[in-house]
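Visitor: The following block contains the structure, expressed as structure tokens.
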Amino acid sequence: MLYGSIFILFVLLAIAGRKKKITDSGREESSARAKSGIEECFFNMALFLYEWWPFRRRKNPLVSEYLTRLHPGQAPPLLKRQHEVERIKLCLIVLFAGNMIALFLWISGSGENALVEGAYLLRDEQGGSSREVNLLARSSKGEEAQARLTLQALGYSEKEQEILYEKMLEELQEKALGENISWNAVSKPLMLADTFPPYPFILSWHSSNPIFLTSGGKVAAWEDVAQQPEQTALVELTVRVSGENFEREYSFYARVCPEQKERSFSEAVTEELEILERETIEKDKVWLPDEIQGEKVVWTEQGEDKSTTIFFLGLAGAAAVFWLQGREPEKALARKQQLMEREYPAVISKLTLYLGAGMNIKGAWERIAENAEGKNANPVYGEMLFTCREMESGITEAEAYTRFGKRVRQQCYVRFTTLLVQNLKKGNAALLLLLHQEALAAMEEHASRIKRAGEETATKLLLPMMMLMGMVMILIMVPAFMSM
């Protein structure tokens, strides 16, 4: 079975991943990044697949560039491996969850068969619930017909009152007429049900002429009445209404006019099952007919298998997760750049303040970079701290600022570092004034950016507002029209 085979495949993959030790420049093992037992298991499987699958040899320069810009200072091969393994891990989790749900549905559905020995159906005990049974009938000629049977439980009679009985009779004849237009021309099967919800009665029907109309509401076929003196008949239908300490009978007449047409095998199976269900409501075993239309019938039950749908949904979900995770570096980089651009006025204002207090550029830069230690620090402070470490490693101050601008790749920060580099190389007595002007310009640009974002948000809210207005108009107008 497919779901069991996939589960076994996951088990084998988990065993292989547990034994496999993945090493890199630091001889990092698979369990180093795990946070829990389950995550460790899927992480090991993902690492094993990464080494075995072509992911390791696949080259994607754009994703590598995004990852390098997101995590400066880390080795690109390690970043690529971590990203790909995370994608595979999430994909495996979704696929495993979908397969397990499908497996449980298949197991639970296979144990609820109502057909016993291919011959009879078992009802639930008294007080139980009804259930739908899907049956497949095969004739000796090879014909097949699918049919759905609502198998009621062994029921208790309900206590009934006379007023409910009178009210039910007003609706019963119209309901029993079925698809027929009038009781004066009955040519289609009648809806002679054994119950009539919501009324708490048990109904039993009797026909005065079973040749033309059976007690189950089945109209005779044309060939059955073709030899009769008349091909139509006035039939008296009597319904016995039973309940606890209550029993009534009511009679009415129907003019039965059989139509000259041939029933298909599928129609015959459906009608036989409906009549059988009504006539055996008090029996715990419902024996299915051996013959229909003179042909021997072999019965098998068809269960509703929803496991396939769940499995393919899990498969689609795994593919979607894998695709979305592939775009995550680009989105993360866009979020990082947006946060850095939003923080630019604060950065340049702090630098101007520190320079005005008498600090040199390097000291002011290091003081600002200390904000990177906060839990919710803006990523720009992390980039500045990385620049400080570059200067500590021996890179010149001007070169470190230039690298910062190239790494960030935002116009405002490139302009900012250009001013600092020019001051270091050529000297610029007006640096403090230029930075002050840059800070004012950055604040104005930040204010205009917030204003544009507010206008975009207002535009996006137009559609929900129009939908709400339409709903309010419907709530007001519908009652007004109904009261007219």
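Residue numbering restarts at 1 in every chain; chains get A, B, ... in the order shown in the structure tokens, and ligands count up from 1 in that same order.
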Using backbone DSSP assignments, extract all strand (DSSP E or B) residues from region 205-260 of chain A; output them as an MDAnalysis selection string.
Guide: chainID A and resid 205:207 213 219 233:244 246:256
Visitor: Got a sec: who's within 10 Å of region 236-246 of chain A, counting only C-alpha atoms, leaving out chain neighbours fewer than 5 positions off, as a PyMOL selection string?
Guide: chain A and resi 156-162+165+172+192+194-195+200-209+213-215+217+251-255
Visitor: Find the residues around Val256 (chain A) up to 7 Å (only C-alpha atoms counted), leave out those fewer than 2 positions away in its own chain, and share them as a PDB file with N, CA and C atoms, in the first residue's frame.
Guide:
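Saved file part-v3.pdb follows:
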```
ATOM      1  N   ALA A 185     -52.517  10.939 -11.882  1.00  0.00           N
ATOM      2  CA  ALA A 185     -51.656  10.366 -12.918  1.00  0.00           C
ATOM      3  C   ALA A 185     -50.314  10.033 -12.292  1.00  0.00           C
ATOM      4  N   VAL A 186     -50.237   8.906 -11.598  1.00  0.00           N
ATOM      5  CA  VAL A 186     -49.010   8.477 -10.929  1.00  0.00           C
ATOM      6  C   VAL A 186     -48.281   7.509 -11.850  1.00  0.00           C
ATOM      7  N   SER A 187     -47.111   7.933 -12.326  1.00  0.00           N
ATOM      8  CA  SER A 187     -46.328   7.089 -13.226  1.00  0.00           C
ATOM      9  C   SER A 187     -44.904   6.891 -12.719  1.00  0.00           C
ATOM     10  N   PHE A 212     -50.174  -3.006  -9.496  1.00  0.00           N
ATOM     11  CA  PHE A 212     -49.903  -1.690 -10.077  1.00  0.00           C
ATOM     12  C   PHE A 212     -48.997  -0.837  -9.185  1.00  0.00           C
ATOM     13  N   THR A 232     -54.376   1.027 -16.441  1.00  0.00           N
ATOM     14  CA  THR A 232     -54.388   1.978 -15.329  1.00  0.00           C
ATOM     15  C   THR A 232     -55.303   1.436 -14.243  1.00  0.00           C
ATOM     16  N   ALA A 233     -55.103   1.873 -13.029  1.00  0.00           N
ATOM     17  CA  ALA A 233     -55.909   1.371 -11.922  1.00  0.00           C
ATOM     18  C   ALA A 233     -55.986   2.425 -10.823  1.00  0.00           C
ATOM     19  N   LEU A 234     -57.117   2.453 -10.124  1.00  0.00           N
ATOM     20  CA  LEU A 234     -57.300   3.318  -8.962  1.00  0.00           C
ATOM     21  C   LEU A 234     -56.919   2.508  -7.727  1.00  0.00           C
ATOM     22  N   VAL A 235     -55.839   2.910  -7.079  1.00  0.00           N
ATOM     23  CA  VAL A 235     -55.271   2.138  -5.970  1.00  0.00           C
ATOM     24  C   VAL A 235     -55.492   2.895  -4.669  1.00  0.00           C
ATOM     25  N   ALA A 254     -54.939   6.832  -5.444  1.00  0.00           N
ATOM     26  CA  ALA A 254     -54.010   7.256  -6.492  1.00  0.00           C
ATOM     27  C   ALA A 254     -54.356   6.544  -7.788  1.00  0.00           C
ATOM     28  N   PRO A 258     -48.823   3.269 -15.389  1.00  0.00           N
ATOM     29  CA  PRO A 258     -47.447   2.857 -15.698  1.00  0.00           C
ATOM     30  C   PRO A 258     -47.024   3.347 -17.085  1.00  0.00           C
TER      31      PRO A 258
END
```
Visitor: Calculate how many Å separate CA of Pro329 (chain A) from CA of Glu341 (chain A), rounding to one decimal.
Guide: 18.2 Å
Visitor: Running DSSP on the backbone, which parts of region 30-255 of chain A land in helix (DSSP H, G or I), as number ranges by chain?
Guide: A: 30-33, 37-52, 61-70, 76-110, 162-176, 222-225
Visitor: Please list as a PyMOL selection string every residue within 10 Å of Gln82 (chain A), counting only C-alpha atoms and excluding residues in the same chain fewer than 4 positions away.
Guide: chain A and resi 33+47+50+76-78+86-87
Visitor: Excluding same-chain residues fewer than 2 positions from Leu288 (chain A), what lies within 7 Å of it counting only C-alpha atoms, as a list in words?
Guide: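 Result of the neighbour search: Ala119, Tyr120, Val286 and Asp290 of chain A.
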